[in-house]
Amino acid sequence: MRVQRAAELELRPALCRLAVAGALDRGAATRPHHGPAPVKGLVLAIQFLTRLPMPKVTANETDFARSIRWFPAVGAIVGLSVMFAVNLGVRIDPWIGALAGLLCWVGVTGALHLDGLGDIADACGAVHKGRDRLLAVLADPHVGSFGVVAIGLQLIAKLLLLHALVERGIMLPLLLIPFAARIGPLLWARMLPPLHAGLGARFADAVKTIHIALWISLLIIAAWWLPALLAAPLLMLVWGLWLKRRLGGISGDGHGAGIELIESGLLFVALIAGGTA
C-alpha cells in the first residue's frame, strides 16, 4: 500500500491529489513490505512526488507525514532523470534536449506541482471574497483561467531556461535544482500555519529543526559546485512570506506552487551566474 485517498485525509493539495489518490489502494492489494523506517520514508516520498514504480510498503498517516523529510532526496532523483533526458535529446538539437528535459520533468512528477501552481493562481482570484471562498477554490478539482495561464507561462519559462542552459552546455543545475527546491516544503511546513486540517497540517509535526539543518547543510555543500543554489533559501523565504500575507497559510497547493517557482527562479539564477563556480 501507499497512502490514503486525499478525501479520507481531508486534504486536496497539489502535493497530494495526484499522488495520493490510488496510493494505499494499489499497495493494499499487494504483498506488503515492512522495511526500516528511513527506507520506508524514502519509498513513500518517491511514490508521493513521482510516477516512478516503487515496491509497496505498509504505511499510516504518521509514516506518510514523515516522508516529507525525504522530499529533497526525491528532488535529486527527479534532477537525475531530467539531466539524463536532456543529454539524450541534445544529441539531436538543443531545443530537442530542452523539450525532452521538460517532458521528463513533467512526466516523472506527474504534473503534481504544476497542478498546485494552477490552484494557487485561481485561489488568488478569489482570496478577496473571504477564507471560505479561498478554501473552496483550492478544493475545486477544475482549473480556472488564472490557473491555465499560470501553468502555461511556467512551462514556457522552463522550456526557455532549459534551452538557454543546454545551449551553453550547463548541465549541473538540472541535477541540483530539483533537489534544492524540495527543501522548501520542510521550511514552509514549519514557518506557516496550515490552511486547513488534515495530513498537510501534520507535516509540521514531522519536520524537526535537525532535518532542515541537514538538508540546508547539504545545499551549502552543493553550492560549492553550483553557487546559484545559495539563492534558494531567499526564494523559499520570499514565497513563504507571500503565502502568509496573501493566503494566510500553507497547503499542499502552496508547497507544489513553491517548488515550481523556485525551480524556475534557480534556473534563471544559474543561467545568469553561468552555471558553475
# chains A, B, ... in the order shown; residues from 1 in each chain; ligands from 1
$ residues_around --residues "Leu243 (chain A)" --least-positions-apart "5" --cutoff "12 Å" --atoms "only C-alpha atoms" --output "PyMOL selection string"
chain A and resi 120-121+123-124+127+188-189+191-195+236-238+248-255+257-258
$ residues_around --residues "Asp93 (chain A)" --least-positions-apart "6" --cutoff "12 Å" --atoms "only C-alpha atoms" --output "count of residues only"
7
$ closest_residue --among "A:Gly116, A:Gly144, A:Gly274, A:Pro233" --to "Ala164 (chain A)" --atoms "only C-alpha atoms"
A:Gly274
$ residues_around --residues "region 217-227 of chain A" --least-positions-apart "6" --cutoff "10 Å" --atoms "only C-alpha atoms" --output "JSON list (two decimals) with N, CA and C atoms, in the first residue's frame"
[["chain", "number", "residue", "atom", "x", "y", "z"],
["A", 72, "PRO", "N", 13.72, 16.35, -0.45],
["A", 72, "PRO", "CA", 14.90, 16.78, -1.21],
["A", 72, "PRO", "C", 15.62, 15.64, -1.91],
["A", 172, "LEU", "N", 24.80, 20.90, -14.82],
["A", 172, "LEU", "CA", 24.72, 20.63, -13.38],
["A", 172, "LEU", "C", 23.46, 21.18, -12.71],
["A", 173, "PRO", "N", 22.98, 22.37, -13.10],
["A", 173, "PRO", "CA", 21.74, 22.85, -12.48],
["A", 173, "PRO", "C", 20.56, 21.91, -12.64],
["A", 176, "LEU", "N", 20.82, 19.50, -9.64],
["A", 176, "LEU", "CA", 20.78, 20.01, -8.27],
["A", 176, "LEU", "C", 19.58, 20.89, -7.95],
["A", 177, "ILE", "N", 19.02, 21.56, -8.94],
["A", 177, "ILE", "CA", 17.92, 22.48, -8.66],
["A", 177, "ILE", "C", 16.66, 21.76, -8.16],
["A", 179, "PHE", "N", 16.53, 19.14, -6.41],
["A", 179, "PHE", "CA", 16.87, 18.81, -5.02],
["A", 179, "PHE", "C", 16.68, 20.02, -4.12],
["A", 180, "ALA", "N", 17.25, 21.15, -4.53],
["A", 180, "ALA", "CA", 17.18, 22.36, -3.70],
["A", 180, "ALA", "C", 15.75, 22.83, -3.50],
["A", 183, "ILE", "N", 13.58, 21.31, -0.68],
["A", 183, "ILE", "CA", 13.84, 21.65, 0.72],
["A", 183, "ILE", "C", 12.77, 22.62, 1.20],
["A", 211, "HIS", "N", 16.27, 18.15, 10.71],
["A", 211, "HIS", "CA", 16.05, 17.76, 9.32],
["A", 211, "HIS", "C", 16.33, 18.94, 8.38],
["A", 233, "PRO", "N", 17.48, 29.58, -0.33],
["A", 233, "PRO", "CA", 16.83, 29.96, 0.93],
["A", 233, "PRO", "C", 16.09, 31.29, 0.85],
["A", 269, "VAL", "N", 18.71, 32.04, -12.11],
["A", 269, "VAL", "CA", 19.92, 32.45, -11.40],
["A", 269, "VAL", "C", 21.14, 31.69, -11.91],
["A", 270, "ALA", "N", 20.96, 30.38, -12.14],
["A", 270, "ALA", "CA", 22.06, 29.57, -12.66],
["A", 270, "ALA", "C", 22.49, 30.06, -14.04],
["A", 273, "ALA", "N", 24.39, 33.32, -13.56],
["A", 273, "ALA", "CA", 25.68, 33.09, -12.90],
["A", 273, "ALA", "C", 26.63, 32.25, -13.74],
["A", 274, "GLY", "N", 26.13, 31.68, -14.82],
["A", 274, "GLY", "CA", 26.99, 30.87, -15.66],
["A", 274, "GLY", "C", 27.04, 29.41, -15.27],
["A", 275, "GLY", "N", 26.18, 29.00, -14.32],
["A", 275, "GLY", "CA", 26.03, 27.57, -14.01],
["A", 275, "GLY", "C", 26.94, 27.07, -12.93],
["A", 276, "THR", "N", 28.24, 27.28, -13.03],
["A", 276, "THR", "CA", 29.17, 26.70, -12.06],
["A", 276, "THR", "C", 30.13, 27.77, -11.56],
["A", 277, "ALA", "N", 30.84, 27.39, -10.51],
["A", 277, "ALA", "CA", 31.81, 28.33, -9.97],
["A", 277, "ALA", "C", 32.98, 28.51, -10.93]]
$ atom_distance --atom1 "CA of Ala65 (chain A)" --atom2 "CA of Glu260 (chain A)"
20.9 Å
$ residues_around --residues "Phe268 (chain A)" --least-positions-apart "4" --cutoff "9 Å" --atoms "only C-alpha atoms" --output "list of chain:residue names"
A:Leu161, A:Ala228, A:Glu263, A:Ser264, A:Ile272, A:Ala273
$ closest_residue --among "A:Phe84, A:Phe203, A:Arg246, A:Gly125" --to "Ser145 (chain A)" --atoms "only C-alpha atoms"
A:Gly125
$ select_by_dssp --residues "region 1-248 of chain A" --states "helix (DSSP H, G or I)" --output "PyMOL selection string"
chain A and resi 14-20+23-28+37-49+61-89+94-109+112-124+127-129+131-139+145-167+172-181+184-191+199-206+209-222+227-246
$ atom_distance --atom1 "CA of Ala98 (chain A)" --atom2 "CA of Ser81 (chain A)"
13.0 Å
$ residues_around --residues "region 48-51 of chain A" --least-positions-apart "4" --cutoff "6 Å" --atoms "only C-alpha atoms" --output "PyMOL selection string"
chain A and resi 19+44+108-110
$ atom_distance --atom1 "CA of Ile156 (chain A)" --atom2 "CA of Val137 (chain A)"
24.9 Å
$ closest_residue --among "A:Arg168, A:Lys158, A:Arg202, A:His196" --to "Val106 (chain A)" --atoms "only C-alpha atoms"
A:Lys158
$ closest_residue --among "A:Ile212, A:Leu52, A:Ile77, A:Val207" --to "Gly107 (chain A)" --atoms "only C-alpha atoms"
A:Leu52
